[in-house]
Each structure stands twice: as C-alpha cells, then as structure tokens.
Amino acid sequence: MQASWISRNYPGKYGLKSRSVCGLILVLALCLSANAAAGEIRRALFTTGIDNREPVAIVDSIDSTSSNSVSFYTEITNMSGQTITHQWTHLDKVMFEKTFEVKAERWRVWTSKTLIPNWTGTWTVNVLDADRELLTSKSFEYR
C-alpha cells in the first residue's frame with residue numbers, strides 16, 4: 001500500500017522508471033556475484049619442471065631421446081573445498097590419476113610422469129571435478 005501511495009505522489013522519483021533501474025542493477029549484481037563465485041582453471045600446461053610452485057618451461061612436445069620426464073601444472077581459482085583430478089591418458093588408455101583437494105581460493109598443483117621410450121605418441125591430461133566432469137584438457141606429443 002505504501003509503495004502505491006509513493007508511486008502516485010512521486011511518479012518521477014519512485015515510479016516505474018526507478019523500479020526498472022533498480023531491477024536492472026539487481027540482475028547485474030547477481031550475475032557478477034555468480035561469475036565471481038564460479039571456479040576456474042586459470043592455467044593448465046605441461047612443463048619440464050616446477051620451481052617455487054611455478055612451471056619452469058612450458059612444452060607441447062618432448063623428444064624421447066633428450067628427456068623422459070614431464071609435469072602437468074594447474075592453477076585453480078575460486079574452488080576452495082572442492083577436489084580436482086589429473087587424469088593422464090595415452091592412446092585413449094588411462095595411465096595415471098591423482099586427486100587433489102583444493103585448499104585455498106588460489107591453489108596450484110602438479111603431477112609428473114616418467115615416460116619410457118616406447119610410450120611415444122599423444123599424451124593428454126584431463127582435469128576433472130568431483131563429479132568427473134571435464135574442466136579442461138591439454139595434450140602433448142612424446143616423440
């Protein structure tokens with residue numbers, strides 16, 4: 001009842017136009033807060049090593065005659081309290097899995113694999129959430 005009285009007596013100040021603007025502001029605020037709360041894989045990459053929780057050198061292929069070790073590094077944001085899994089596959093076969101609990105708003109994890117010379121070809125690491133849904137996937141060539 002009071003809103004109707006205000007709308008009738010002050011239509012320019014508290015009328016339809018003002019309510020529309022307030023509604024739009026509310027919708028925008030809800031969208032922004034939902035995006036801020038959504039988890040994200042900020043970085044996912046293969047590297048030759050980790051130093052001080054950061055990748056040393058990013059790689060997309062490895063020569064089996066020069067190196068047999070590779071790490072997969074993931075930086076996760078806004079997923080504290082959740083789990084992620086690194087699932088390593090070679091020729092569509094799961095070769096290794098490691099699950100991590102994310103313990104802060106920004107969390108960095110990595111897994112490493114020592115490769116034998118006859119495991120050449122495409123390797124993929126799938127990053128999965130607790131429901132085994134794919135968050136991201138990256139591949140590299142082992143030649």
# chains A, B, ... in the order shown; residues from 1 in each chain; ligands from 1
$ residues_around --residues "range 73-87 of chain A" --least-positions-apart "3" --cutoff "9 Å" --atoms "only C-alpha atoms" --output "ChimeraX atom specification"
/A:36-47,50,54-55,94-112,124-130,132,135
$ write_last_selection --atoms "C-alpha atoms" --output "PDB file, in the first residue's frame"
ATOM      1  CA  ALA A  36      32.961 -14.297  -9.169  1.00  0.00           C
ATOM      2  CA  ALA A  37      31.977 -17.423  -7.247  1.00  0.00           C
ATOM      3  CA  ALA A  38      32.454 -19.777 -10.203  1.00  0.00           C
ATOM      4  CA  GLY A  39      35.602 -21.854 -10.074  1.00  0.00           C
ATOM      5  CA  GLU A  40      38.160 -21.564 -12.811  1.00  0.00           C
ATOM      6  CA  ILE A  41      41.193 -23.359 -14.146  1.00  0.00           C
ATOM      7  CA  ARG A  42      43.365 -20.315 -14.689  1.00  0.00           C
ATOM      8  CA  ARG A  43      46.392 -22.186 -16.096  1.00  0.00           C
ATOM      9  CA  ALA A  44      46.836 -25.771 -17.247  1.00  0.00           C
ATOM     10  CA  LEU A  45      50.074 -26.704 -19.001  1.00  0.00           C
ATOM     11  CA  PHE A  46      52.917 -29.152 -19.473  1.00  0.00           C
ATOM     12  CA  THR A  47      56.337 -28.195 -18.174  1.00  0.00           C
ATOM     13  CA  ILE A  50      58.459 -26.846 -11.171  1.00  0.00           C
ATOM     14  CA  GLU A  54      55.700 -22.250 -10.807  1.00  0.00           C
ATOM     15  CA  PRO A  55      56.376 -24.009 -14.134  1.00  0.00           C
ATOM     16  CA  VAL A  94      44.103 -44.065 -18.552  1.00  0.00           C
ATOM     17  CA  MET A  95      47.688 -44.408 -17.351  1.00  0.00           C
ATOM     18  CA  PHE A  96      47.570 -42.457 -14.066  1.00  0.00           C
ATOM     19  CA  GLU A  97      45.185 -40.435 -11.886  1.00  0.00           C
ATOM     20  CA  LYS A  98      45.799 -38.179  -8.922  1.00  0.00           C
ATOM     21  CA  THR A  99      43.068 -36.358  -6.980  1.00  0.00           C
ATOM     22  CA  PHE A 100      43.752 -33.140  -5.080  1.00  0.00           C
ATOM     23  CA  GLU A 101      41.749 -31.222  -2.504  1.00  0.00           C
ATOM     24  CA  VAL A 102      41.753 -27.517  -3.292  1.00  0.00           C
ATOM     25  CA  LYS A 103      42.600 -25.797  -0.003  1.00  0.00           C
ATOM     26  CA  ALA A 104      42.552 -22.072  -0.886  1.00  0.00           C
ATOM     27  CA  GLU A 105      40.940 -19.608  -3.287  1.00  0.00           C
ATOM     28  CA  ARG A 106      44.098 -19.777  -5.413  1.00  0.00           C
ATOM     29  CA  TRP A 107      45.655 -23.236  -5.475  1.00  0.00           C
ATOM     30  CA  ARG A 108      48.462 -24.671  -7.598  1.00  0.00           C
ATOM     31  CA  VAL A 109      49.012 -28.401  -8.101  1.00  0.00           C
ATOM     32  CA  TRP A 110      51.012 -30.596 -10.425  1.00  0.00           C
ATOM     33  CA  THR A 111      51.620 -34.207 -11.294  1.00  0.00           C
ATOM     34  CA  SER A 112      54.655 -35.681 -13.005  1.00  0.00           C
ATOM     35  CA  THR A 124      46.516 -35.997 -22.658  1.00  0.00           C
ATOM     36  CA  VAL A 125      45.778 -34.799 -19.156  1.00  0.00           C
ATOM     37  CA  ASN A 126      42.117 -34.270 -18.344  1.00  0.00           C
ATOM     38  CA  VAL A 127      41.320 -32.076 -15.351  1.00  0.00           C
ATOM     39  CA  LEU A 128      38.127 -33.405 -13.756  1.00  0.00           C
ATOM     40  CA  ASP A 129      35.939 -32.095 -10.946  1.00  0.00           C
ATOM     41  CA  ALA A 130      34.497 -34.226  -8.119  1.00  0.00           C
ATOM     42  CA  ARG A 132      34.191 -36.444 -13.032  1.00  0.00           C
ATOM     43  CA  LEU A 135      37.106 -28.839 -16.571  1.00  0.00           C
TER      44      LEU A 135
END
$ closest_residue --among "A:Phe72, A:Trp123, A:Trp88, A:Tyr142" --to "Gly49 in chain A" --atoms "only C-alpha atoms"
A:Phe72
$ atom_distance --atom1 "CA of Arg143 in chain A" --atom2 "CA of Asp92 in chain A"
17.0 Å
$ select_by_dssp --residues "range 29-140 of chain A" --states "helix (DSSP H, G or I)" --output "PyMOL selection string"
chain A and resi 29-37
